[in-house]
Every structure is written in C-alpha cells, then in structure tokens.
file target.cif (mmCIF, C-alpha atoms)
data_data
#
loop_
_atom_site.label_atom_id
_atom_site.label_comp_id
_atom_site.auth_asym_id
_atom_site.auth_seq_id
_atom_site.Cartn_x
_atom_site.Cartn_y
_atom_site.Cartn_z
CA MET H 1 116.93 77.06 105.67
CA ARG H 2 113.28 77.39 104.71
CA VAL H 3 112.19 78.95 108.01
CA LEU H 4 114.17 82.15 107.43
CA ILE H 5 114.92 82.10 103.69
CA ALA H 6 112.11 81.11 101.31
CA SER H 7 110.53 82.11 98.02
CA VAL H 8 108.56 85.36 97.90
CA ALA H 9 106.56 84.23 94.87
CA LEU H 10 103.24 84.23 96.76
CA ALA H 11 103.77 87.80 97.96
CA ALA H 12 104.59 88.88 94.41
CA ILE H 13 101.46 87.20 93.02
CA LEU H 14 99.28 88.84 95.67
CA ALA H 15 100.83 92.26 95.01
CA VAL H 16 100.27 91.99 91.26
CA GLY H 17 96.73 90.68 91.70
CA LEU H 18 95.93 93.47 94.13
CA ALA H 19 97.31 96.12 91.80
CA VAL H 20 95.23 94.80 88.88
CA ALA H 21 92.04 94.59 90.96
CA GLN H 22 92.52 98.01 92.54
CA ASP H 23 93.45 99.76 89.28
CA ARG H 24 90.38 98.32 87.63
CA GLU H 25 87.88 99.53 90.22
CA GLN H 26 89.52 102.45 92.07
CA ARG H 27 90.19 105.13 89.47
CA PRO H 28 89.79 108.78 90.61
CA PRO H 29 85.97 109.29 90.57
CA PRO H 30 84.05 110.84 88.99
CA ALA H 31 86.62 112.44 86.71
CA LYS H 32 86.38 110.72 83.36
CA GLU H 33 88.82 110.13 80.59
CA LYS H 34 88.43 111.36 77.06
CA GLU H 35 88.20 108.71 74.43
CA LYS H 36 90.61 109.17 71.59
CA ALA H 37 90.76 107.55 68.21
CA PRO H 38 91.08 103.74 68.22
CA GLY H 39 94.62 102.62 68.97
CA LYS H 40 95.53 105.80 70.89
CA PRO H 41 95.85 105.97 74.70
CA LEU H 42 93.16 107.50 76.89
CA GLN H 43 93.84 110.98 78.24
CA PHE H 44 92.91 112.17 81.72
CA ASP H 45 90.32 114.95 81.55
CA ILE H 46 91.74 117.82 83.65
CA ASP H 47 88.79 120.10 82.87
CA ARG H 48 86.25 117.51 84.01
CA PHE H 49 88.24 116.81 87.16
CA PHE H 50 88.20 120.51 88.14
CA LYS H 51 84.51 120.76 87.27
CA ASP H 52 83.74 117.82 89.56
CA PHE H 53 85.90 118.83 92.54
CA ASP H 54 86.48 122.61 92.47
CA LYS H 55 83.45 123.22 94.67
CA ASN H 56 83.95 126.96 95.18
CA GLY H 57 84.85 127.58 91.53
CA ASP H 58 88.06 129.51 92.29
CA GLY H 59 90.09 127.63 89.70
CA VAL H 60 92.27 125.75 92.19
CA LEU H 61 91.77 122.67 94.35
CA GLN H 62 91.96 122.77 98.15
CA ARG H 63 92.85 119.63 100.10
CA ASP H 64 89.33 119.26 101.51
CA GLU H 65 87.84 119.47 97.99
CA LEU H 66 89.47 116.19 97.02
CA PRO H 67 87.85 112.85 97.95
CA PRO H 68 89.35 111.43 101.16
CA GLU H 69 91.03 108.54 99.31
CA LEU H 70 93.03 111.00 97.15
CA ARG H 71 94.11 113.54 99.78
CA HIS H 72 97.28 111.65 100.70
CA SER H 73 98.77 112.77 97.36
CA PHE H 74 97.96 116.47 97.84
CA GLY H 75 101.40 117.48 99.13
CA ARG H 76 103.24 115.84 96.26
CA ILE H 77 101.04 117.45 93.60
CA ASP H 78 101.13 120.90 95.27
CA ALA H 79 104.61 121.67 93.96
CA ASN H 80 104.94 125.20 95.38
CA GLN H 81 103.40 124.16 98.71
CA ASP H 82 100.91 127.02 98.77
CA GLY H 83 98.05 124.79 99.90
CA LYS H 84 96.37 124.81 96.48
CA ILE H 85 96.61 122.70 93.35
CA SER H 86 96.53 124.56 90.07
CA ARG H 87 95.73 123.07 86.68
CA GLU H 88 99.42 123.15 85.80
CA GLU H 89 100.40 121.35 89.02
CA LEU H 90 97.73 118.70 88.47
CA THR H 91 98.89 118.18 84.88
CA ARG H 92 102.49 117.65 86.02
CA GLY H 93 101.58 115.57 89.09
CA ILE H 94 98.74 113.45 87.72
CA GLY H 95 100.87 110.33 88.26
CA HIS H 96 100.49 110.79 92.03
CA LEU H 97 96.69 110.94 91.84
CA HIS H 98 95.69 107.39 92.61
CA PRO H 99 94.07 105.76 95.67
CA ARG H 100 96.44 104.68 98.40
CA ARG H 101 96.72 100.93 98.78
CA HIS H 102 97.19 99.03 102.02
CA ALA H 103 98.47 95.54 102.71
CA SER H 104 95.06 94.66 104.13
CA ASP H 105 93.52 95.34 100.69
CA VAL H 106 94.69 91.86 99.72
CA ILE H 107 91.44 90.65 101.33
CA TYR H 108 89.46 92.41 98.62
CA MET H 109 91.59 90.71 95.99
CA LEU H 110 90.88 87.31 97.53
CA ILE H 111 87.16 88.05 97.61
CA GLU H 112 87.21 89.09 93.96
CA MET H 113 89.06 85.89 93.03
CA SER H 114 86.69 83.66 95.01
CA ASP H 115 84.56 82.79 91.98
CA ALA H 116 87.59 81.41 90.12
CA ASP H 117 89.88 80.20 92.86
CA ALA H 118 88.62 77.47 95.19
CA ASP H 119 91.25 78.37 97.80
CA SER H 120 90.28 82.06 98.07
CA ALA H 121 87.28 81.47 100.33
CA GLY H 122 89.45 79.36 102.60
CA GLU H 123 92.11 82.07 102.80
CA VAL H 124 89.52 84.72 103.66
CA GLN H 125 88.11 82.42 106.36
CA ARG H 126 91.62 81.82 107.71
CA ALA H 127 92.28 85.57 107.93
CA TYR H 128 88.97 85.99 109.77
CA ASP H 129 89.82 83.19 112.21
CA ILE H 130 93.25 84.70 112.95
CA LEU H 131 91.74 88.12 113.66
CA ARG H 132 89.04 86.63 115.91
CA LYS H 133 91.71 84.85 117.96
CA LEU H 134 93.60 88.13 118.37
CA ASP H 135 90.54 89.77 119.92
CA LYS H 136 90.94 88.09 123.30
CA ASN H 137 88.41 90.24 125.15
CA ARG H 138 85.81 89.91 122.36
CA ASP H 139 85.15 93.63 122.11
CA GLY H 140 85.34 93.63 118.31
CA LYS H 141 88.65 95.50 118.30
CA ILE H 142 92.32 94.52 118.22
CA ASP H 143 94.23 96.66 120.69
CA PRO H 144 98.02 97.12 120.95
CA ASP H 145 98.33 94.83 123.99
CA GLU H 146 96.63 91.98 122.14
CA LEU H 147 98.95 92.47 119.16
CA LYS H 148 101.99 92.60 121.44
CA ALA H 149 100.99 89.36 123.17
CA GLU H 150 100.44 87.56 119.87
CA ARG H 151 103.73 88.88 118.47
CA SER H 152 105.56 87.51 121.51
CA ARG H 153 103.84 84.14 121.09
CA LEU H 154 104.78 83.98 117.41
CA LEU H 155 108.41 84.82 118.18
CA ARG H 156 108.57 82.10 120.84
CA SER H 157 107.07 79.61 118.42
CA ARG H 158 109.54 80.65 115.74
CA VAL H 159 112.49 80.20 118.06
CA GLU H 160 111.25 76.83 119.34
CA THR H 161 110.89 75.60 115.76
CA LEU H 162 114.46 76.61 115.02
CA PHE H 163 115.79 74.89 118.13
CA LYS H 164 113.96 71.67 117.26
CA GLN H 165 115.57 71.74 113.84
CA LEU H 166 119.10 72.75 114.83
CA ASP H 167 119.82 71.72 118.44
CA ALA H 168 120.95 68.18 117.54
CA ASP H 169 122.37 67.28 120.98
CA ASN H 170 119.40 68.81 122.87
CA ASP H 171 121.60 70.82 125.21
CA GLY H 172 119.40 73.93 124.85
CA ARG H 173 121.98 75.75 122.75
CA ILE H 174 122.92 75.98 119.08
CA SER H 175 126.62 75.60 118.40
CA ARG H 176 128.33 76.89 115.30
CA ALA H 177 128.57 73.31 114.04
CA GLU H 178 124.80 72.89 114.45
CA ALA H 179 123.85 76.21 112.88
CA LYS H 180 122.71 76.31 109.26
CA GLY H 181 121.57 78.81 106.66
CA GLN H 182 120.87 82.34 107.90
CA ILE H 183 121.57 81.34 111.51
CA LEU H 184 125.08 80.27 110.55
CA LYS H 185 125.59 83.34 108.41
CA ASP H 186 124.59 85.68 111.28
CA PHE H 187 126.03 83.50 114.04
CA ASP H 188 128.48 86.08 115.43
CA GLU H 189 125.82 88.79 115.48
CA ILE H 190 123.26 86.57 117.25
CA ASP H 191 125.80 85.21 119.77
CA ALA H 192 125.73 88.40 121.85
CA ASN H 193 127.85 87.11 124.76
CA ARG H 194 130.46 85.60 122.40
CA ASP H 195 130.49 82.22 124.14
CA GLY H 196 130.28 80.24 120.91
CA TYR H 197 126.65 79.20 121.39
CA ILE H 198 123.25 80.71 120.63
CA GLU H 199 120.78 80.52 123.50
CA ARG H 200 117.03 80.92 123.18
CA GLU H 201 116.96 84.49 124.48
CA GLU H 202 119.72 85.52 122.08
CA LEU H 203 117.74 84.08 119.19
CA MET H 204 114.58 85.75 120.50
CA ARG H 205 116.30 89.14 120.46
CA ALA H 206 117.60 88.52 116.95
CA ALA H 207 114.19 87.37 115.70
CA ALA H 208 112.52 90.43 117.22
CA LYS H 209 114.65 92.70 115.03
CA HIS H 210 113.04 91.30 111.89
CA PRO H 211 109.36 90.81 110.97
CA ALA H 212 108.29 87.28 111.78
CA ALA H 213 107.35 85.27 108.72
CA PRO H 214 103.67 84.28 108.69
CA ALA H 215 102.96 80.62 109.29
CA GLY H 216 101.23 78.50 106.68
CA ARG H 217 98.61 75.83 107.27
CA ASP H 218 101.36 73.27 107.70
CA GLY H 219 102.97 75.34 110.45
CA GLU H 220 105.95 76.26 108.31
CA GLN H 221 106.76 79.94 108.37
CA ARG H 222 106.63 82.00 105.22
CA PRO H 223 109.20 84.62 104.18
CA ALA H 224 108.95 88.04 105.81
CA PRO H 225 108.53 91.10 103.58
CA ASP H 226 111.68 92.82 102.42
CA LYS H 227 112.02 96.06 104.40
CA ARG H 228 115.24 97.28 102.80
CA PRO H 229 114.84 100.79 101.34
CA LEU H 230 114.40 100.99 97.59
CA PRO H 231 116.50 103.37 95.48
CA PRO H 232 114.84 106.81 95.05
CA ASP H 233 113.69 106.03 91.51
CA ARG H 234 111.89 102.83 92.65
CA ARG H 235 110.22 103.88 95.90
CA ASP H 236 106.79 104.20 94.31
CA GLU H 237 106.87 100.49 93.50
CA ARG H 238 106.33 99.47 97.12
#
call {"tool": "encode", "arguments": {"input": "target.cif", "output": "structure tokens"}}
result
Amino acid sequence: MRVLIASVALAAILAVGLAVAQDREQRPPPAKEKEKAPGKPLQFDIDRFFKDFDKNGDGVLQRDELPPELRHSFGRIDANQDGKISREELTRGIGHLHPRRHASDVIYMLIEMSDADADSAGEVQRAYDILRKLDKNRDGKIDPDELKAERSRLLRSRVETLFKQLDADNDGRISRAEAKGQILKDFDEIDANRDGYIEREELMRAAAKHPAAPAGRDGEQRPAPDKRPLPPDRRDER
C-alpha cells in the first residue's frame, strides 16, 4: 500500500545531493590542506589548523577556540576528556571534524540546484508556503502548539485517506478482510480492543507512533524516514 510503504529514492537523492553540496562549501575554515604531488591525496594541515585556532598559543585547543559549527565534535576528538584537544588527538580524530548537517539544510541544496533544475524553485516555494501556514498567529515563529496542531491535522488526514481506501462497506471500521499492506500486517497490534475491527481512533494511535509521511502535491503521502537504529559501525552515515 503506497500510503505507508513507498520508495525512499527521493530521500536518498536529497541526502546525497546535500552531502555533495555541503562537503564542497563547508570544509573546516580557514585551515587549509597541503597540496601533494599530482595523483596523491590532499593532506589536512594540522599545523595550520592550530595556528589559526589556538588563540592563546598554549599548544592545545579549547572548545571555545573552535568555530561554533565545529564544536559539536569536540567531545569525540578529546579522547582523554580533559577539556583540551592535543595535536595527537586531532590527528587521530580528524574524521570527526566536519560541520554538523541538519535535515533543514536540504533547502540550501535546492537553492543551489535552482539554476539547473526547474522544479527546485517550486519546491523551495512550497516549503515556504508550508511554514507560513504553520505560523497561525503570524509572529514569524513556529511554536510547539502550532506544530502540535498541524501534526494532529496531518494524522487525521492520513487516517481518513486510509479509511477511504480500505473501508469498502462504509461502516466506519476496517475489517481484516478489508485491510491491506502494512495495515493487514500489523492488524492485531492496531486492533487494541481485539474486536476484529480497526476503528479510527485505534488507527490514529497507531499512526501517532510513527512519523507521518509528508504529502506530495497530489495529496499522496510520501514514505517516512527510517528511524531504526543503525549498527555501531554505520551510525555516522545518518
């Protein structure tokens, strides 16, 4: 059933595009890389990095000496947790020294693509329109109550769409015979009172446990992001 189970190709494309755009323009400034002979990889310049950021010249880096966008990695690079980063710790932990990315950064990727992709401007406009609608009191901010209200509306819309698709006899319930896809697979879990039917409130509670898939222009909902934990050796991928 496409409402609950759909391709995540778009999310993958956006993630890859974002990573490429961010890696190209958000390298740790102003530390520069040494150029090696042609054909050999570039090497991060530890000495230049310390020269640029070791403001008090004590040979170690304090958290507040790093640019704000790099401070989130401080604890992982500071191996002995003494509140300072030595040259040796930075050499071993250089892989952690990159700007933190956020899901909202996809907007920057769309803007960068706008000269080559005719749909990018439309997607940016759509994101703007959605955010404006969330700001009900027009104070220029989106507060928790406004988000909660919109989340409830989206869940109701999601459930109503499912009932229109599955409730063939229009009795206000979904029987096991009517259920399909993920609803059928999780039927016993959703049917909380074990009466053999799924009512709207039962489906609402089940839908609330999982992120609602964003709706497309055609009103069809898109797949929600996968929140299952990654194995320890793959957690940096997310």
call {"tool": "residues_around", "arguments": {"input": "target.cif", "residues": "Glu202 of chain H", "least_positions_apart": "4", "cutoff": "10 Å", "atoms": "all atoms listed in the file", "output": "PyMOL selection string"}}
result
chain H and resi 159+189-193+197-198+206-208
call {"tool": "resolve_selection", "arguments": {"input": "target.cif", "expression": "the PyMOL selection byres ((chain H and resi 88-93) around 9)", "output": "ChimeraX atom specification"}}
result
/H:46,76-80,85-87,94-97
call {"tool": "write_last_selection", "arguments": {"input": "target.cif", "atoms": "C-alpha atoms", "output": "compact mmCIF listing (two decimals), in the coordinates of the input"}}
result
# COMPACT_ATOMS: atom_id res chain seq x y z
CA ILE H 46 91.74 117.82 83.65
CA ARG H 76 103.24 115.84 96.26
CA ILE H 77 101.04 117.45 93.60
CA ASP H 78 101.13 120.90 95.27
CA ALA H 79 104.61 121.67 93.96
CA ASN H 80 104.94 125.20 95.38
CA ILE H 85 96.61 122.70 93.35
CA SER H 86 96.53 124.56 90.07
CA ARG H 87 95.73 123.07 86.68
CA ILE H 94 98.74 113.45 87.72
CA GLY H 95 100.87 110.33 88.26
CA HIS H 96 100.49 110.79 92.03
CA LEU H 97 96.69 110.94 91.84
call {"tool": "atom_distance", "arguments": {"input": "target.cif", "atom1": "atom CA of Asp143 of chain H", "atom2": "atom CA of Arg101 of chain H"}}
result
22.5 Å
call {"tool": "closest_residue", "arguments": {"input": "target.cif", "among": "H:Leu110, H:Arg48, H:Leu166, H:Leu184", "to": "Gln125 of chain H", "atoms": "all atoms listed in the file"}}
result
H:Leu110
call {"tool": "atom_distance", "arguments": {"input": "target.cif", "atom1": "atom CA of Asp47 of chain H", "atom2": "atom CA of Asp82 of chain H"}}
result
21.2 Å
call {"tool": "residues_around", "arguments": {"input": "target.cif", "residues": "Glu123 of chain H", "least_positions_apart": "2", "cutoff": "12 Å", "atoms": "only C-alpha atoms", "output": "PyMOL selection string"}}
result
chain H and resi 106-111+113-114+117-121+125-130+216-217
call {"tool": "atom_distance", "arguments": {"input": "target.cif", "atom1": "atom CA of Arg156 of chain H", "atom2": "atom CA of Arg176 of chain H"}}
result
21.2 Å
call {"tool": "closest_residue", "arguments": {"input": "target.cif", "among": "H:Asp105, H:Asp54, H:Glu69, H:Asp167", "to": "Lys180 of chain H", "atoms": "all atoms listed in the file"}}
result
H:Asp167
call {"tool": "closest_residue", "arguments": {"input": "target.cif", "among": "H:Asp58, H:Lys84, H:Pro67, H:Asp135", "to": "Lys148 of chain H", "atoms": "all atoms listed in the file"}}
result
H:Asp135
call {"tool": "closest_residue", "arguments": {"input": "target.cif", "among": "H:Gly57, H:Gly172, H:Gly122, H:Pro144", "to": "Leu203 of chain H", "atoms": "all atoms listed in the file"}}
result
H:Gly172
call {"tool": "decode", "arguments": {"input": "target.cif", "residues": "segment 100-111 of chain H", "atoms": "all heavy atoms", "output": "PDB file, in the first residue's frame"}}
result
ATOM      1  N   ARG H 100      28.297  19.998  11.292  1.00  0.00           N
ATOM      2  CA  ARG H 100      27.092  19.202  11.519  1.00  0.00           C
ATOM      3  C   ARG H 100      26.039  19.569  10.486  1.00  0.00           C
ATOM      4  O   ARG H 100      25.809  20.724  10.182  1.00  0.00           O
ATOM      5  CB  ARG H 100      26.545  19.462  12.925  1.00  0.00           C
ATOM      6  CG  ARG H 100      25.215  18.768  13.188  1.00  0.00           C
ATOM      7  CD  ARG H 100      24.750  19.002  14.618  1.00  0.00           C
ATOM      8  NE  ARG H 100      25.575  18.297  15.562  1.00  0.00           N
ATOM      9  CZ  ARG H 100      25.448  18.409  16.887  1.00  0.00           C
ATOM     10  NH1 ARG H 100      24.555  19.230  17.390  1.00  0.00           N
ATOM     11  NH2 ARG H 100      26.227  17.723  17.700  1.00  0.00           N
ATOM     12  N   ARG H 101      25.389  18.556   9.946  1.00  0.00           N
ATOM     13  CA  ARG H 101      24.332  18.793   8.968  1.00  0.00           C
ATOM     14  C   ARG H 101      22.969  18.585   9.622  1.00  0.00           C
ATOM     15  O   ARG H 101      22.824  17.779  10.528  1.00  0.00           O
ATOM     16  CB  ARG H 101      24.494  17.852   7.764  1.00  0.00           C
ATOM     17  CG  ARG H 101      25.800  18.062   7.016  1.00  0.00           C
ATOM     18  CD  ARG H 101      25.822  17.252   5.736  1.00  0.00           C
ATOM     19  NE  ARG H 101      27.088  17.452   5.042  1.00  0.00           N
ATOM     20  CZ  ARG H 101      28.111  16.624   5.109  1.00  0.00           C
ATOM     21  NH1 ARG H 101      28.020  15.542   5.837  1.00  0.00           N
ATOM     22  NH2 ARG H 101      29.220  16.879   4.445  1.00  0.00           N
ATOM     23  N   HIS H 102      21.984  19.286   9.112  1.00  0.00           N
ATOM     24  CA  HIS H 102      20.617  19.192   9.599  1.00  0.00           C
ATOM     25  C   HIS H 102      19.690  18.875   8.430  1.00  0.00           C
ATOM     26  O   HIS H 102      19.993  19.196   7.278  1.00  0.00           O
ATOM     27  CB  HIS H 102      20.190  20.510  10.252  1.00  0.00           C
ATOM     28  CG  HIS H 102      21.089  20.938  11.375  1.00  0.00           C
ATOM     29  ND1 HIS H 102      20.923  20.508  12.666  1.00  0.00           N
ATOM     30  CD2 HIS H 102      22.181  21.749  11.382  1.00  0.00           C
ATOM     31  CE1 HIS H 102      21.865  21.045  13.436  1.00  0.00           C
ATOM     32  NE2 HIS H 102      22.643  21.795  12.680  1.00  0.00           N
ATOM     33  N   ALA H 103      18.564  18.260   8.747  1.00  0.00           N
ATOM     34  CA  ALA H 103      17.611  17.934   7.692  1.00  0.00           C
ATOM     35  C   ALA H 103      17.167  19.191   6.942  1.00  0.00           C
ATOM     36  O   ALA H 103      16.948  19.158   5.729  1.00  0.00           O
ATOM     37  CB  ALA H 103      16.402  17.216   8.296  1.00  0.00           C
ATOM     38  N   SER H 104      17.066  20.296   7.670  1.00  0.00           N
ATOM     39  CA  SER H 104      16.625  21.544   7.037  1.00  0.00           C
ATOM     40  C   SER H 104      17.641  22.077   6.031  1.00  0.00           C
ATOM     41  O   SER H 104      17.308  22.937   5.204  1.00  0.00           O
ATOM     42  CB  SER H 104      16.359  22.609   8.104  1.00  0.00           C
ATOM     43  OG  SER H 104      17.500  22.813   8.923  1.00  0.00           O
ATOM     44  N   ASP H 105      18.892  21.576   6.064  1.00  0.00           N
ATOM     45  CA  ASP H 105      19.893  22.028   5.105  1.00  0.00           C
ATOM     46  C   ASP H 105      19.539  21.649   3.678  1.00  0.00           C
ATOM     47  O   ASP H 105      20.160  22.147   2.731  1.00  0.00           O
ATOM     48  CB  ASP H 105      21.259  21.428   5.449  1.00  0.00           C
ATOM     49  CG  ASP H 105      21.849  22.033   6.712  1.00  0.00           C
ATOM     50  OD1 ASP H 105      21.414  23.140   7.089  1.00  0.00           O
ATOM     51  OD2 ASP H 105      22.734  21.412   7.311  1.00  0.00           O
ATOM     52  N   VAL H 106      18.562  20.748   3.522  1.00  0.00           N
ATOM     53  CA  VAL H 106      18.142  20.383   2.161  1.00  0.00           C
ATOM     54  C   VAL H 106      17.657  21.610   1.392  1.00  0.00           C
ATOM     55  O   VAL H 106      17.731  21.648   0.154  1.00  0.00           O
ATOM     56  CB  VAL H 106      17.041  19.297   2.217  1.00  0.00           C
ATOM     57  CG1 VAL H 106      15.729  19.876   2.717  1.00  0.00           C
ATOM     58  CG2 VAL H 106      16.855  18.641   0.854  1.00  0.00           C
ATOM     59  N   ILE H 107      17.196  22.643   2.083  1.00  0.00           N
ATOM     60  CA  ILE H 107      16.769  23.876   1.419  1.00  0.00           C
ATOM     61  C   ILE H 107      17.934  24.510   0.670  1.00  0.00           C
ATOM     62  O   ILE H 107      17.791  24.982  -0.463  1.00  0.00           O
ATOM     63  CB  ILE H 107      16.191  24.876   2.442  1.00  0.00           C
ATOM     64  CG1 ILE H 107      14.934  24.299   3.103  1.00  0.00           C
ATOM     65  CG2 ILE H 107      15.866  26.202   1.761  1.00  0.00           C
ATOM     66  CD1 ILE H 107      13.797  24.031   2.141  1.00  0.00           C
ATOM     67  N   TYR H 108      19.117  24.499   1.293  1.00  0.00           N
ATOM     68  CA  TYR H 108      20.279  25.062   0.627  1.00  0.00           C
ATOM     69  C   TYR H 108      20.626  24.276  -0.632  1.00  0.00           C
ATOM     70  O   TYR H 108      21.042  24.842  -1.649  1.00  0.00           O
ATOM     71  CB  TYR H 108      21.482  25.087   1.575  1.00  0.00           C
ATOM     72  CG  TYR H 108      21.303  26.008   2.747  1.00  0.00           C
ATOM     73  CD1 TYR H 108      21.161  25.513   4.036  1.00  0.00           C
ATOM     74  CD2 TYR H 108      21.266  27.388   2.566  1.00  0.00           C
ATOM     75  CE1 TYR H 108      20.984  26.357   5.108  1.00  0.00           C
ATOM     76  CE2 TYR H 108      21.092  28.242   3.643  1.00  0.00           C
ATOM     77  CZ  TYR H 108      20.955  27.727   4.909  1.00  0.00           C
ATOM     78  OH  TYR H 108      20.777  28.570   5.968  1.00  0.00           O
ATOM     79  N   MET H 109      20.458  22.963  -0.562  1.00  0.00           N
ATOM     80  CA  MET H 109      20.725  22.132  -1.726  1.00  0.00           C
ATOM     81  C   MET H 109      19.768  22.455  -2.867  1.00  0.00           C
ATOM     82  O   MET H 109      20.153  22.552  -4.032  1.00  0.00           O
ATOM     83  CB  MET H 109      20.623  20.653  -1.340  1.00  0.00           C
ATOM     84  CG  MET H 109      21.038  19.683  -2.440  1.00  0.00           C
ATOM     85  SD  MET H 109      19.641  19.157  -3.448  1.00  0.00           S
ATOM     86  CE  MET H 109      18.736  18.198  -2.241  1.00  0.00           C
ATOM     87  N   LEU H 110      18.491  22.679  -2.529  1.00  0.00           N
ATOM     88  CA  LEU H 110      17.511  23.032  -3.549  1.00  0.00           C
ATOM     89  C   LEU H 110      17.830  24.387  -4.172  1.00  0.00           C
ATOM     90  O   LEU H 110      17.688  24.585  -5.382  1.00  0.00           O
ATOM     91  CB  LEU H 110      16.105  23.053  -2.939  1.00  0.00           C
ATOM     92  CG  LEU H 110      15.508  21.700  -2.571  1.00  0.00           C
ATOM     93  CD1 LEU H 110      14.201  21.891  -1.803  1.00  0.00           C
ATOM     94  CD2 LEU H 110      15.266  20.852  -3.812  1.00  0.00           C
ATOM     95  N   ILE H 111      18.259  25.326  -3.338  1.00  0.00           N
ATOM     96  CA  ILE H 111      18.627  26.643  -3.853  1.00  0.00           C
ATOM     97  C   ILE H 111      19.817  26.530  -4.803  1.00  0.00           C
ATOM     98  O   ILE H 111      19.847  27.137  -5.877  1.00  0.00           O
ATOM     99  CB  ILE H 111      18.948  27.608  -2.696  1.00  0.00           C
ATOM    100  CG1 ILE H 111      17.677  27.887  -1.869  1.00  0.00           C
ATOM    101  CG2 ILE H 111      19.543  28.914  -3.214  1.00  0.00           C
ATOM    102  CD1 ILE H 111      17.931  28.650  -0.591  1.00  0.00           C
TER     103      ILE H 111
END
